[in-house]
Amino acid sequence: MTNLTLEDIIKPENLVHERTKLMTDKTLSYCPGCGHGTAHHIIMEVIEELDMQEQTIGVAPVGCSVLAYDFMNIDMQQAAHGRAPAVATGIKRVYPNKIVFTYQGDGDLAAIGTAETIHACNRGENIVIVFVNNGIYGMTGGQMAPTTLPGMKSSTSPYGRDVHDMGNPLKMTELVAQLPGTYFVTRQAVHTPSAVRKAKRSIRKAFENQRDGNHGISFVEIVSNCNSGWKMTPTDSNVWMVENMLPFYPLGDIKVDGKLL
Amino acid sequence: MTNLTLEDIIKPENLVHERTKLMTDKTLSYCPGCGHGTAHHIIMEVIEELDMQEQTIGVAPVGCSVLAYDFMNIDMQQAAHGRAPAVATGIKRVYPNKIVFTYQGDGDLAAIGTAETIHACNRGENIVIVFVNNGIYGMTGGQMAPTTLPGMKSSTSPYGRDVHDMGNPLKMTELVAQLPGTYFVTRQAVHTPSAVRKAKRSIRKAFENQRDGNHGISFVEIVSNCNSGWKMTPTDSNVWMVENMLPFYPLGDIKVDGKLL
Amino acid sequence: MTEELIIAGFGGQGVLSMGKILAYSGIMQEQEVSWMPSYGPEMRGGTANVIVIVSDERISSPILTIFDTAIILNQQSMDKFEKSVRPGGVLIYDPNGITRHPERTDINIYQVEGARLASEMGNAKIFNMVILGAYLKVKPIVKLDNVIKGLMKSLPVRYHKLIPLNEDAITMGMKNVVDKNIVN
Amino acid sequence: MTEELIIAGFGGQGVLSMGKILAYSGIMQEQEVSWMPSYGPEMRGGTANVIVIVSDERISSPILTIFDTAIILNQQSMDKFEKSVRPGGVLIYDPNGITRHPERTDINIYQVEGARLASEMGNAKIFNMVILGAYLKVKPIVKLDNVIKGLMKSLPVRYHKLIPLNEDAITMGMKNVVDKNIVN
Amino acid sequence: MAKVRGAIVVDVQKCKGCGVCLSACPTSVIELAKEVNGKGYHFAYMEQPEACTGCSNCAIVCPDGVITVYRVKLNSNK
Amino acid sequence: MAKVRGAIVVDVQKCKGCGVCLSACPTSVIELAKEVNGKGYHFAYMEQPEACTGCSNCAIVCPDGVITVYRVKLNSNK
Amino acid sequence: MGELKLMKGNEALAEAAIRAGADAYFGYPITPQSEVIEYLMAEKPHERTGMVVLQAESEVAAINMVYGAAGAGKRVMTSSSSPGISLKQEGLSYMAGAELPCVYANVVRGGPGLGTIQPSQADYFQSTKGGGHGDYRQIVLAPASVQEMSDFVKLGFDLAFKYRTPVLILSDGVIGQMMEKVELFDQMPRLKDEEIAENFEWATTGRKKGTERTIITSLALQAHEMEAHNLHLQAKYKTISENEVRFETFDCEDAEYIIVAYGSSARIAQKTVQIARKKGIKVGLFRLISLYPFPSADLQKLCKQGVKGFLAVEMSAGQMVEDVMLAVKGCAKVEHFGRFGGIIHTPEEVLKALEQKIIGG
Amino acid sequence: MGELKLMKGNEALAEAAIRAGADAYFGYPITPQSEVIEYLMAEKPHERTGMVVLQAESEVAAINMVYGAAGAGKRVMTSSSSPGISLKQEGLSYMAGAELPCVYANVVRGGPGLGTIQPSQADYFQSTKGGGHGDYRQIVLAPASVQEMSDFVKLGFDLAFKYRTPVLILSDGVIGQMMEKVELFDQMPRLKDEEIAENFEWATTGRKKGTERTIITSLALQAHEMEAHNLHLQAKYKTISENEVRFETFDCEDAEYIIVAYGSSARIAQKTVQIARKKGIKVGLFRLISLYPFPSADLQKLCKQGVKGFLAVEMSAGQMVEDVMLAVKGCAKVEHFGRFGGIIHTPEEVLKALEQKIIGG
Ligand SMILES: Cc1ncc(C[n+]2csc(CCOP(=O)(O)OP(=O)(O)O)c2C)c(N)n1
Ligand SMILES: Cc1ncc(C[n+]2csc(CCOP(=O)(O)OP(=O)(O)O)c2C)c(N)n1
Ligand code: SF4
Ligand code: SF4
Ligand code: SF4
Ligand code: SF4
Ligand code: SF4
Ligand code: SF4
Ligand SMILES: [Mg+2]
Ligand SMILES: [Mg+2]
C-alpha cells in the first residue's frame, strides 16, 4: 500500500505518545517491569493534563517508591514510613486550595501506617491516596506484607503465609470504603494497556474530585507486581498477578461520588 | 402478709447478690455513676463463674481505667496508650492456653491504638477485647474522641464536633467486624439491669469463645456514659446516652460465631 | 509586701477561681502574682488546692511548703495544711464539715461560716466569694476596687451582671469572719 | 598469612557466594575469615561486591580500602577498584564486558574468560566457580580439599550433587587463567 | 400478695450517691440520704424497705458494686 | 489494508528489557535485542516495524516510559 | 505595652502561637498540657487569624502533620508531654534531617513509662542529646515563667526559621499549670501563601512552570551524600552554638558558689539564693535559658573567676549535671541535687544540699 | 567446642536467640537487619524449641508485644534499625519503668531521618542517655564481631533477667551484614511455664487462688510513690554500674595514647594500632563492650597511669567522646575523630587523626 519509511513516520507532527514532561529524565530506580513505573507515569500524565503541577504537592512514602521525587517533576515531600497520610493532612490543611496526594505501598499504607490511613480517610481529608499493592515489602527485600496472599511465599513467610498464624490479607481498600470520609474508592491495575487506561481514568477522577470540591478522600488502589520480591520475571509476574492477586483483590470501583456500589 | 424484719431477710442463706470476690475492696477511682465500674464487675463475675482466674491475664489501657488492676483481682498488665492489643498479643502468643483480655477506652482503642486494634483483629488473635465507648477522652478531661458524636461538645470541640473539620465518629466495632480475624463482635451497654445482663452474657460468650477454641477475636463494645466529660449528672447522662449515643451506636450482636449478622 | 497563701478544699468549692480572682486583683494594683494549682489524680472528686502569691517583687518559687496564710475548706485540707502555716501566720477556715478544729496556738485562727452564709444568701455558688471577703478582712492585701476589677477580668462578660452579687458576698464574708483566738 | 581480597561485579554473577565459599574454605583449614558485602541501594540491579579476608590471625577491620587482590567482573568495578590493589598485588578480571582494560604496571594482572568458559561448560551458573579456580591458581591460599568442604558447608544438602560440576569449573578456571603481564 | 421479700445492704462508705440504683429499682425502694458519708456523698438507702423484692436490679447496675441483696421466698402455707 | 502506520522509538539506554511491551503489542512488533545496553539489559526494538499501527499500547504499559510512538493516518487517496 | 493577662503557662503558649502568626497546630491531648489544644479550640483561631487547629489521632500523626505543613513553609506547632514526646522521636529526627522548622513544647511529667502527671525535668537528655536517631540537635529553650511560655514561642519561630530546625520549648507541669501575669505581644500577621513561596525557596508550595521542583527529604542513599549532609548539619549546629546561647544570672558577680538550674527548678533555686544570701552565703544562680546550645563557655568563665563549686539543681536523677561537668572541665567541684519522679524540691532542700555537697563537702 | 559456622551478624543474633532459649521474637523489617526475622522465619524455631516468631504491624506494636510477653516472664527479643528504634522509645521507657527484661538489637544505620542504610554509630546518645522519657538507663552491649552478636544475646538475657531491664545490643550495618566464623553455643532449654511462675514472682502468669495478684505497671500517680520507684531504679543502676562494666584493651600496658572505640569502629581502630605500632607510636586500644555502664573508672586509671591523650573514634559527629571526657575529667587531652552519615573511617584516617589531633596537637 505504502512505502513509508520509518523516517517518514517518526516526525514531530506524527507524535502520538511521549513521556510526559512531568517525569524527570532520570532512569527509574525500579526493577525491570515493576508496576511502580507505570503508576508514576499515569499520575504525572493526569496532573499534566489537568494542568495542576503548579498547585500540586506529592508525598512519597518509604518503600521502593521512596525516591518518587526523583522521577515526578513536581514539588514533593518524603514522608516517614507509613505517615504519608498525616504528612498530606498537614499540607492540605494549611493549603486547602492546593492539590495534595500520597503515593504509598502496601506495607507503608496497610501495616505501619494503618492508623494514619484510617484516620485521614475518616476525617475525609480532601486528598488523593494512590495505594500500590504488590502484596509484599518490595524495598526491604520481599518480606510479607499485610496484603500478602494466603500461602504466598515471602522472605518472612518462606513456607507460605499461614493465615492462622500470620493473619489474613488485609483489604484496606474495602475497609476505608466503609468510612463516610471517603468519596471515591477504586481498585485498578497497570499490567495491560486497557488496565492502564482505566487506572488513569480513575486517577483523573480522583484528582478532579479533589479540585472540584471538598468531598473527602479519593483512594485509588493499584494492584501491581513486585517481580523481584515474587522472584519471577516481569511478564511471569503479571500473569501470576492476574491468576492469583486479582481474584482476591478484584478490580473495579467500590465507592463512587460518596456512594458504595 | 408477713412481718419479716430486715434482720430476718439479711442472712447469709438469703444472699442473692454480692460483689464478686474477683473485685478488690478498693473504692473504684471512677466518678459516681461511671459505667466503667459496672463493666469491671461483670467481667470479673464472668471470670469467676467460668473459674478462669488462675489462667487469666488482663491488660489495662491508658484512660480512666488505667488503674483497672487496682480493682480487678487478677494478674494484670498496664499497657501504653493504645497498645493493649499488641501487649495482649505478646502475652497470648507465648501462653496460648491462658486467657487474655484487654480493657480499653475509645480514645485508646480507636485513636492512637487504631493500628494495633485493626491488626490484632486481622491476625485473629484468640483474645477478648472489651471496648468501653463513652464518646470522649474521660481521663484527660473530656477531649473529643474518634467516637464523639456529630455536634457533641467536648473540651476540644467546645462548639460541637464539626464533622467536616474533625471527621465523622468512627464505628470501630463495625469496622473490625469486617475482618475475617474477628469471631464475635457485639455492642452492649450497662445503663439498665437488662442491658447489664445482656452485656454480661456477651462477655461470657467472648471468654467462652477464647477458652473453647482458637477462633480469633471476641470484641465486646460497651457504650457507656462519661458523666464528668459530658458535664451531666450520672442519671442524666444515661438518659442522654440512650437518646443520643444509642441511635448512632445501636446495641446488639454484629458478628456471631464468625458470621456477620 | 509578699503574701504567700494556700487555699485548700474540695473540687467544686470554687477554690481555683477564688485564687484566680485574688491573683487578678493583685495584677490590678500592679503587683506580681502567681497561681499554682495542685493538679492530677487528686483532682477527680478529691481535694483541690491552689497556692497564690501576691508580691511587690518578682516571685521566685511558685511552689511553697510554708505559707503566710492558709484558707482551709474541708477536713482533709485541715489535716494537711494546718501545720504549713508559718508561726505568726493566719489560718482561716469554714467550720462546716470540719470534725477536728485547728489546734495551733502560734498562729492566728479565723473562722467564717461560708457555706451557711452563701446558702442564706440563696446561692451556693458565691461560697468562695464569702470566703474571699473573710480573707480580705483579715488580710487586706488588695483593695476592694481592685477585686472588682479582678472579677471583671476573670469572669466572662456574660456573667458581669453577677458582679454586684459577688460584691455582696464579699461584704458578707468581711462582716462575719470571727477571730477564734479571741472567741475560744 | 593474611589475604585481603575484594570481589566485585554485577548482582547475579555469584560474587557474594563465591566469597562465602572462599571464607568457608578458610574456616575448614582453621583460619580466621571475614566476609563483608556492600549492601544497600546499589544492590538492586546494580553492582555487588564483597571483601573477603582470610588470615592466620584475628582479623581487625573487615572493611578495607586497599587490597592484596581484586577480582573484577565488570567495567564499573574496574573503574572503581583497579586503583585499590596495593602495589605488588594481584588483579584478576574477566574481559567479557570490559571496555577499558587495566593499566597499572605495579601490580600483577591476570585474566580469565569466566563467562565464556562457563557457557562452554553448559552452565552459566558456575561462572563464579571458574573465577574462583583462576584465583586459587594465582593465590593458592586454601587447599582444594578445603574448598570442597567449604562448598559442602555453604550449599544446602540438596545441591551437594552439583559439587563435582563445581569442582570441574574450578579446575577449568585454574587451567585457563592467563598472566597478562606476561602476555601483553 | 408478694411471694418474695428482699433487702439490700449498701456499703455506705463506698457508695458515691450516683443515683443509678434509684432508677433501676422497679419498686422505688431506694433514695439518697440527706446526710453525706465520709467522702461527702449522699449515699443510697432503702426508703421503702417493705417494697423490696430482692430482684437485684440495683446491685447489678451499681457501678461501684456496693449493694448486697438478700431475698426470702415466702411459702404460702407460712 | 492498513489505514494507519506507526512506529516506536525506544530509548535504548533507559530500556530495562522487561518485555512488558512485547506482550502488550497487538501486532507483535517488538522483540528484545540480543545485544545489551550500557546497563546490561536486552533492550526492546521493532522487530516487525511494518506491523506497527502506532496504537501506543506498548508505550502505555512501559513502566520506564521509554517508548515514544508516532502514527501516520494513510489517506485512502494518498 | 502589650495586653496584660493572668494565664496558665499552657494557655500563654497557645495564645502566643496565635499571635506569633502560626499557621497550624496539630496535637493530641495529654496531661499536663491538654490546655494548649483546648485553649486553641476555644479561641477559634481560624476566625482570628486563619490558623488551623487539628486534633490528630496520635502523637505520631501529629508530628508528621507538622512535618508536612512545615515542609510547605508554614509556621507550625505541636505540644505534648513526656510519653507523647517519646513517640514523636522518629518524626523529629526526620524533621531535623529534612531541616524543617517547627516549634514544639514538652510539658514534662515524671517518668519513665506512664509515670505520673506531676512535673519533672527528666527529659533533659532526650531533649538535648538523644531522642531520635542520628547526629542531630535541636534548639531547646527552657521557660521559667508564664511570660516566657509566651515569649519563647515567638523566639522559637524566629530561630526555627532562621536555622530551619525544630525548636523545643522544654517546660514542665509547674510552668504549664501555673498562672502568672503575662504581657502578650501584639498579633503578628500570618505570612501569605505568596510570601511563603517567595521567601522560602526550600518549601514545597507547588512547582511553578519553568522552575525547578522542590523536595523535602531526609534520605541520602549514598553514604558520601549522607556524610555531606551531616557535615552541613554539624556546621549549622556550630553556628547555633556560637550565636544562640541564652542564660540569665542572679547574684553571680561575687559568688563563690553557683547553682545551675533551668525552668521551674531555677525559680525555686532563686528563692534558695535569697535565703542563702540572707544567711551570708555567697551563692549565685546561673539560669539556663537555652539548654542547647549549652552555655559552656560562660560557665567556664565563672569557673576561671574563682567559683569554688557548682550545684546542678534539676528535677531528675542527674542529667544536666553532665553538661555542667563537661563545661567546667574539672576546674571546680560539680555536684547534683534534685528530687524527681514528680516531686519538686523546696528552696530549703536546695540550700541544705548546697551546704552539704558543695560548701561543706 | 560449639558448632562452627560462617554467618552474618544478623543471622548469628537470630540463631543465638533460638539457642538462648528465647520464647519469642517480635519484629518489623528494616534494612540492614531484616535478616534477623528472615532467618528466624526460615528456621521454624517453633518446631526447634517452641519459640514464637511474629512479624508485627510496626515497630511500635513489636515493642509492645515484647512488653506483654516479657511482663508474663518470658524471654523475648526484638530488633530494628535506627528509625524503627526511635519509634520504640516510648515502649522502652515503659519497659524500664515496669522493670521488664528483654534483649533488643539496634543495627544502626546513618541518620537523621530516613538517612541511609549504611552503617553508623550515631545512635550512641539515644542508646546510653536519651531515647525515651524519664530517668532510666538500659544496659548497652556493643558487639564487635559476629561471634559477639551471638554471645551477647545469651549474656544479654542473663543481664536482662538479673536486673529486670531491657538490654540493648548496639550493633551497626557492618557487624550485622558481615560474615565471620562463629562458634555457636549449645541449645539452652526454654523455661517451662511452671518454672516461670515459680522463679519470677513479678511476672503475670495468672493469679493462683489464695495468692496475691501480680501487676505490671509503670504508673505511680502519687509523686512520692513515683519518687520512691525512681530511687529504686537509680539504686539498681548503681549496682549495674558497679558490676557490669565490660571492656577489652589491646596494647594499653605501655601506651602513651589511647584510642577509645566500640563495635566496628573498634575493629578498624585495632588495625590502626597495628599500623601505628609498626611506626613506633605507643598507642593502645580501649574497646568498650558495655557502653552503659560506661567504664569511667578504668579510663580514669589509664589517665592516672600517664596516658597523654585519648582519641574517641566513632562513626558519629561526636557522642561517646562526651563520656570519655566525663571519665577523664580533664586529666588528659580528649579528642574526637569519626566519619559519619554512613561513611566508615579507614584505619589510615584514624592514624592520621591520632597524629594530628592527639600526638601533634
Ligand atoms: C520506621 C521504619 N520501619 C521500617 C522501615 C523499613 N522499610 C522500608 S520500606 C518498607 C516496606 C516497603 O513495602 P511497601 O510499602 O509495600 O512498598 P514497596 O517497596 O513494596 O513498594 C520497610 C519495612 C523504615 N524505613 N522505617
Ligand atoms: C502516648 C500518650 N498519649 C496521650 C496520653 C494521654 N491520655 C491518657 S488517657 C487518654 C485518653 C483516654 O480516653 P479513652 O481511651 O476514651 O478512655 P476513658 O478515659 O474515656 O475511659 C489520653 C489521651 C498518654 N497517657 N499517652
Ligand atoms: S523490589 Fe518489587 S516493588 Fe520494588 S522496584 Fe523491584 S519489583 Fe518494584
Ligand atoms: S471521667 Fe468519665 S470515664 Fe472517667 S471515671 Fe469519670 S465518668 Fe468515668
Ligand atoms: S448505684 Fe451504687 S454508688 Fe450509685 S447511689 Fe446506688 S448504691 Fe450508691
Ligand atoms: S433488689 Fe430490686 S427491689 Fe430491692 S432495692 Fe434493689 S432493685 Fe429495688
Ligand atoms: S516495556 Fe519499556 S522497559 Fe520494558 S522492554 Fe519494553 S521498552 Fe523496555
Ligand atoms: S504502538 Fe502498538 S503496534 Fe506499535 S509497537 Fe507499540 S503496541 Fe505494537
Ligand atoms: Mg509493597
Ligand atoms: Mg473514652
# chains A, B, ... in the order shown; residues from 1 in each chain; ligands from 1
>>> residues_near_ligand(ligand="ligand 8", cutoff="7 Å", atoms="only C-alpha atoms and all ligand atoms", output="PyMOL selection string")
chain F and resi 6-8+21+24-30+46+51-59+69
>>> residues_near_ligand(ligand="ligand 4", cutoff="10 Å", atoms="only C-alpha atoms and all ligand atoms", output="ChimeraX atom specification")
/B:28-37,63-66,105,132-142,224-234,237 /C:44-45 /E:63
>>> interface_residues(of="chain E", to="chain C", cutoff="10 Å", atoms="only C-alpha atoms", output="short mmCIF file (atom, residue, chain, number, x, y, z; two decimals) with all heavy atoms, in the first residue's frame")
data_model
loop_
_atom_site.label_atom_id
_atom_site.label_comp_id
_atom_site.auth_asym_id
_atom_site.auth_seq_id
_atom_site.Cartn_x
_atom_site.Cartn_y
_atom_site.Cartn_z
N GLY E 38 -18.44 9.75 104.52
CA GLY E 38 -17.11 10.31 104.77
C GLY E 38 -16.52 11.02 103.56
O GLY E 38 -15.72 11.95 103.68
N LYS E 39 -16.92 10.58 102.36
CA LYS E 39 -16.37 11.20 101.14
C LYS E 39 -17.24 12.37 100.66
O LYS E 39 -16.96 12.95 99.63
CB LYS E 39 -16.32 10.14 100.04
CG LYS E 39 -15.35 9.00 100.34
CD LYS E 39 -14.18 9.04 99.38
CE LYS E 39 -13.02 8.24 99.89
NZ LYS E 39 -13.34 6.84 100.13
N GLY E 40 -18.33 12.62 101.43
CA GLY E 40 -19.16 13.76 101.05
C GLY E 40 -20.30 13.39 100.12
O GLY E 40 -20.94 14.28 99.55
#
>>> interface_residues(of="chain B", to="chain A", cutoff="9 Å", atoms="only C-alpha atoms", output="ChimeraX atom specification")
/B:110-116,118-125,146,163-171,175-176,178-181
>>> residues_around(residues="F:Gly65", least_positions_apart="6", cutoff="10 Å", atoms="only C-alpha atoms", output="ChimeraX atom specification")
/A:17-20,23,27-28,37-38,40-42 /F:10-11,14-15,58-59
>>> select_by_dssp(residues="stretch 125-344 of chain H", states="strand (DSSP E)", output="VMD selection string")
chain H and resid 139 to 141 166 to 172 179 to 184 215 to 216 247 to 250 257 to 262 283 to 288 290 to 292 309 to 313 333 to 337
>>> interface_residues(of="chain G", to="chain H", cutoff="7 Å", atoms="only C-alpha atoms", output="mmCIF file with N, CA and C atoms, in the first residue's frame")
data_model
loop_
_atom_site.group_PDB
_atom_site.id
_atom_site.type_symbol
_atom_site.label_atom_id
_atom_site.label_comp_id
_atom_site.auth_asym_id
_atom_site.auth_seq_id
_atom_site.Cartn_x
_atom_site.Cartn_y
_atom_site.Cartn_z
ATOM 1 N N SER G 82 5.806 14.026 78.170
ATOM 2 C CA SER G 82 6.842 13.010 78.021
ATOM 3 C C SER G 82 6.527 11.769 77.171
ATOM 4 N N PRO G 83 5.525 10.944 77.517
ATOM 5 C CA PRO G 83 5.337 9.744 76.701
ATOM 6 C C PRO G 83 5.016 10.093 75.248
ATOM 7 N N SER G 86 8.122 11.009 73.426
ATOM 8 C CA SER G 86 8.907 9.828 73.024
ATOM 9 C C SER G 86 8.392 9.290 71.699
ATOM 10 N N LEU G 87 7.078 9.292 71.538
ATOM 11 C CA LEU G 87 6.503 8.784 70.289
ATOM 12 C C LEU G 87 6.860 9.661 69.096
ATOM 13 N N GLN G 89 9.761 10.931 68.456
ATOM 14 C CA GLN G 89 11.198 10.992 68.185
ATOM 15 C C GLN G 89 11.540 10.671 66.744
ATOM 16 N N GLU G 90 10.876 9.699 66.165
ATOM 17 C CA GLU G 90 11.211 9.405 64.769
ATOM 18 C C GLU G 90 10.903 10.618 63.895
ATOM 19 N N SER G 93 13.438 13.361 64.302
ATOM 20 C CA SER G 93 14.674 13.059 63.605
ATOM 21 C C SER G 93 14.500 13.330 62.102
ATOM 22 N N TYR G 94 13.352 12.981 61.574
ATOM 23 C CA TYR G 94 13.060 13.288 60.166
ATOM 24 C C TYR G 94 13.062 14.795 59.914
ATOM 25 N N ALA G 96 14.610 17.116 61.640
ATOM 26 C CA ALA G 96 15.990 17.597 61.724
ATOM 27 C C ALA G 96 16.729 17.231 60.444
ATOM 28 N N GLY G 97 16.506 16.014 59.971
ATOM 29 C CA GLY G 97 17.196 15.562 58.769
ATOM 30 C C GLY G 97 16.766 16.353 57.543
ATOM 31 N N GLY G 110 6.593 13.237 85.217
ATOM 32 C CA GLY G 110 7.534 12.251 85.756
ATOM 33 C C GLY G 110 7.465 10.918 85.043
ATOM 34 N N GLY G 111 8.588 10.340 84.752
ATOM 35 C CA GLY G 111 8.678 9.054 84.084
ATOM 36 C C GLY G 111 9.545 8.141 84.911
ATOM 37 N N PRO G 112 10.033 7.064 84.338
ATOM 38 C CA PRO G 112 9.793 6.592 82.978
ATOM 39 C C PRO G 112 8.414 5.929 82.859
ATOM 40 N N GLY G 113 8.089 5.571 81.601
ATOM 41 C CA GLY G 113 6.816 4.900 81.347
ATOM 42 C C GLY G 113 5.649 5.843 81.510
ATOM 43 N N LEU G 114 4.550 5.287 81.949
ATOM 44 C CA LEU G 114 3.369 6.114 82.139
ATOM 45 C C LEU G 114 3.592 7.089 83.289
ATOM 46 N N GLY G 115 4.356 6.621 84.286
ATOM 47 C CA GLY G 115 4.837 7.519 85.330
ATOM 48 C C GLY G 115 3.746 8.218 86.091
ATOM 49 N N THR G 116 3.905 9.525 86.202
ATOM 50 C CA THR G 116 2.960 10.350 86.937
ATOM 51 C C THR G 116 2.752 11.612 86.132
ATOM 52 N N ILE G 117 1.680 12.333 86.418
ATOM 53 C CA ILE G 117 1.484 13.570 85.672
ATOM 54 C C ILE G 117 2.106 14.758 86.389
ATOM 55 N N GLN G 118 2.771 14.492 87.483
ATOM 56 C CA GLN G 118 3.416 15.579 88.216
ATOM 57 C C GLN G 118 4.672 16.054 87.466
ATOM 58 N N ALA G 122 13.085 15.280 83.816
ATOM 59 C CA ALA G 122 13.872 14.090 83.495
ATOM 60 C C ALA G 122 13.984 13.828 81.998
ATOM 61 N N ASP G 123 13.476 14.743 81.175
ATOM 62 C CA ASP G 123 13.626 14.551 79.739
ATOM 63 C C ASP G 123 14.745 15.417 79.161
ATOM 64 N N PHE G 125 18.031 14.808 78.881
ATOM 65 C CA PHE G 125 18.879 14.060 77.937
ATOM 66 C C PHE G 125 18.175 13.871 76.605
ATOM 67 N N GLN G 126 16.937 13.426 76.697
ATOM 68 C CA GLN G 126 16.180 13.203 75.462
ATOM 69 C C GLN G 126 16.127 14.484 74.629
ATOM 70 N N LYS G 129 20.274 15.615 73.809
ATOM 71 C CA LYS G 129 21.242 14.690 73.202
ATOM 72 C C LYS G 129 20.539 13.614 72.414
ATOM 73 N N GLY G 130 19.804 12.810 73.117
ATOM 74 C CA GLY G 130 19.316 11.589 72.493
ATOM 75 C C GLY G 130 18.022 11.810 71.778
ATOM 76 N N GLY G 131 17.035 11.064 72.144
ATOM 77 C CA GLY G 131 15.755 11.193 71.483
ATOM 78 C C GLY G 131 15.743 10.366 70.231
ATOM 79 N N GLY G 132 15.712 11.032 69.131
ATOM 80 C CA GLY G 132 15.701 10.308 67.860
ATOM 81 C C GLY G 132 17.073 9.810 67.476
ATOM 82 N N HIS G 133 17.104 9.101 66.366
ATOM 83 C CA HIS G 133 18.338 8.501 65.868
ATOM 84 C C HIS G 133 19.103 9.493 65.009
ATOM 85 N N GLY G 134 20.403 9.286 64.990
ATOM 86 C CA GLY G 134 21.241 10.066 64.096
ATOM 87 C C GLY G 134 21.836 11.282 64.771
ATOM 88 N N ASP G 135 22.805 11.866 64.087
ATOM 89 C CA ASP G 135 23.531 13.029 64.613
ATOM 90 C C ASP G 135 22.759 14.301 64.346
ATOM 91 N N TYR G 136 21.840 14.630 65.236
ATOM 92 C CA TYR G 136 21.169 15.916 65.042
ATOM 93 C C TYR G 136 20.991 16.587 66.373
ATOM 94 N N SER G 218 14.819 13.520 53.928
ATOM 95 C CA SER G 218 15.970 13.297 54.813
ATOM 96 C C SER G 218 16.769 12.101 54.316
ATOM 97 N N LEU G 219 16.437 11.665 53.120
ATOM 98 C CA LEU G 219 17.085 10.477 52.557
ATOM 99 C C LEU G 219 18.310 10.871 51.747
ATOM 100 N N ALA G 220 19.370 10.129 51.920
ATOM 101 C CA ALA G 220 20.531 10.253 51.054
ATOM 102 C C ALA G 220 21.119 8.855 50.968
ATOM 103 N N LEU G 221 20.676 8.128 49.979
ATOM 104 C CA LEU G 221 21.042 6.713 49.915
ATOM 105 C C LEU G 221 22.550 6.516 49.895
ATOM 106 N N GLN G 222 23.224 7.348 49.158
ATOM 107 C CA GLN G 222 24.676 7.190 49.047
ATOM 108 C C GLN G 222 25.346 7.766 50.281
ATOM 109 N N ALA G 223 26.240 6.975 50.837
ATOM 110 C CA ALA G 223 26.865 7.385 52.096
ATOM 111 C C ALA G 223 27.611 8.710 51.978
ATOM 112 N N HIS G 224 28.238 8.945 50.846
ATOM 113 C CA HIS G 224 29.009 10.205 50.779
ATOM 114 C C HIS G 224 28.077 11.417 50.753
ATOM 115 N N MET G 226 25.221 11.414 52.249
ATOM 116 C CA MET G 226 24.731 11.470 53.615
ATOM 117 C C MET G 226 25.760 12.153 54.508
ATOM 118 N N GLU G 227 27.012 11.807 54.300
ATOM 119 C CA GLU G 227 28.035 12.450 55.125
ATOM 120 C C GLU G 227 28.088 13.945 54.843
ATOM 121 N N ASN G 230 25.373 15.506 56.640
ATOM 122 C CA ASN G 230 25.684 15.551 58.067
ATOM 123 C C ASN G 230 26.699 16.651 58.386
ATOM 124 N N SER G 316 15.539 15.742 88.321
ATOM 125 C CA SER G 316 15.892 14.499 87.646
ATOM 126 C C SER G 316 17.003 13.850 88.446
ATOM 127 N N ALA G 317 17.329 12.629 88.075
ATOM 128 C CA ALA G 317 18.368 11.906 88.800
ATOM 129 C C ALA G 317 19.765 12.402 88.463
ATOM 130 N N LEU G 326 30.963 18.827 81.837
ATOM 131 C CA LEU G 326 31.686 18.970 80.572
ATOM 132 C C LEU G 326 32.139 20.412 80.373
ATOM 133 N N LYS G 329 34.928 21.271 83.176
ATOM 134 C CA LYS G 329 36.145 20.501 82.868
ATOM 135 C C LYS G 329 37.046 20.287 84.077
ATOM 136 N N GLY G 330 36.466 19.992 85.173
ATOM 137 C CA GLY G 330 37.273 19.629 86.339
ATOM 138 C C GLY G 330 37.861 20.803 87.091
ATOM 139 N N PHE G 340 12.990 13.882 92.313
ATOM 140 C CA PHE G 340 12.497 13.528 90.993
ATOM 141 C C PHE G 340 11.329 12.569 91.032
ATOM 142 N N GLY G 341 10.873 12.248 89.854
ATOM 143 C CA GLY G 341 9.703 11.374 89.753
ATOM 144 C C GLY G 341 8.423 12.131 90.055
ATOM 145 N N GLY G 342 8.460 13.445 89.949
ATOM 146 C CA GLY G 342 7.250 14.207 90.163
ATOM 147 C C GLY G 342 7.295 15.027 91.431
ATOM 148 N N ILE G 343 8.303 14.784 92.253
ATOM 149 C CA ILE G 343 8.465 15.585 93.462
ATOM 150 C C ILE G 343 9.286 16.828 93.110
#
>>> residues_around(residues="G:Asp251", least_positions_apart="5", cutoff="8 Å", atoms="only C-alpha atoms", output="ChimeraX atom specification")
/G:283-285
>>> write_last_selection(atoms="C-alpha atoms", output="compact mmCIF listing (two decimals), in the first residue's frame")
# COMPACT_ATOMS: atom_id res chain seq x y z
CA VAL G 283 25.84 31.99 96.14
CA GLY G 284 24.54 32.94 92.73
CA LEU G 285 22.13 31.42 90.28
>>> select_by_dssp(residues="stretch 20-253 of chain H", states="alpha helix (DSSP H)", output="PyMOL selection string")
chain H and resi 35-43+45-48+59-71+82-87+89-98+124-128+146-163+173-177+193-199+223-243
>>> closest_residue(among="E:His42, E:Lys34, E:Lys16, E:Lys73", to="chain B", atoms="only C-alpha atoms")
E:Lys16
>>> interface_residues(of="chain D", to="chain H", cutoff="6 Å", atoms="only C-alpha atoms", output="list of chain:residue names")
D:Val33, D:Ser34, D:Trp35, D:Met36, D:Ser60, D:Ser61
>>> interface_residues(of="chain H", to="chain B", cutoff="10 Å", atoms="only C-alpha atoms", output="PyMOL selection string")
chain H and resi 23-26+50-54+56-58+60-76+90-91+93-95+98+193+203-209+211-221
>>> residues_around(residues="B:Ile43", least_positions_apart="2", cutoff="8 Å", atoms="only C-alpha atoms", output="CSV table (one decimal) with N, CA and C atoms, in the first residue's frame")
chain,number,residue,atom,x,y,z
B,39,ALA,N,-18.9,-2.2,84.1
B,39,ALA,CA,-18.2,-3.1,83.2
B,39,ALA,C,-17.1,-4.0,83.9
B,40,HIS,N,-16.4,-3.4,84.8
B,40,HIS,CA,-15.4,-4.1,85.6
B,40,HIS,C,-16.1,-5.3,86.3
B,41,HIS,N,-17.2,-5.0,87.0
B,41,HIS,CA,-17.9,-6.0,87.8
B,41,HIS,C,-18.3,-7.2,86.9
B,45,GLU,N,-17.1,-11.0,87.3
B,45,GLU,CA,-18.1,-12.0,87.6
B,45,GLU,C,-18.0,-13.2,86.6
B,46,VAL,N,-17.9,-12.9,85.3
B,46,VAL,CA,-17.8,-13.9,84.3
B,46,VAL,C,-16.5,-14.8,84.5
B,47,ILE,N,-15.4,-14.1,84.8
B,47,ILE,CA,-14.2,-14.9,85.1
B,47,ILE,C,-14.3,-15.8,86.3
B,200,LYS,N,-23.3,-8.8,80.1
B,200,LYS,CA,-22.6,-9.9,80.8
B,200,LYS,C,-22.7,-11.2,80.0
B,203,ILE,N,-20.1,-10.9,77.3
B,203,ILE,CA,-18.8,-11.1,77.9
B,203,ILE,C,-18.5,-12.5,78.2
B,204,ARG,N,-19.5,-13.2,78.7
B,204,ARG,CA,-19.3,-14.6,79.0
B,204,ARG,C,-19.1,-15.4,77.7
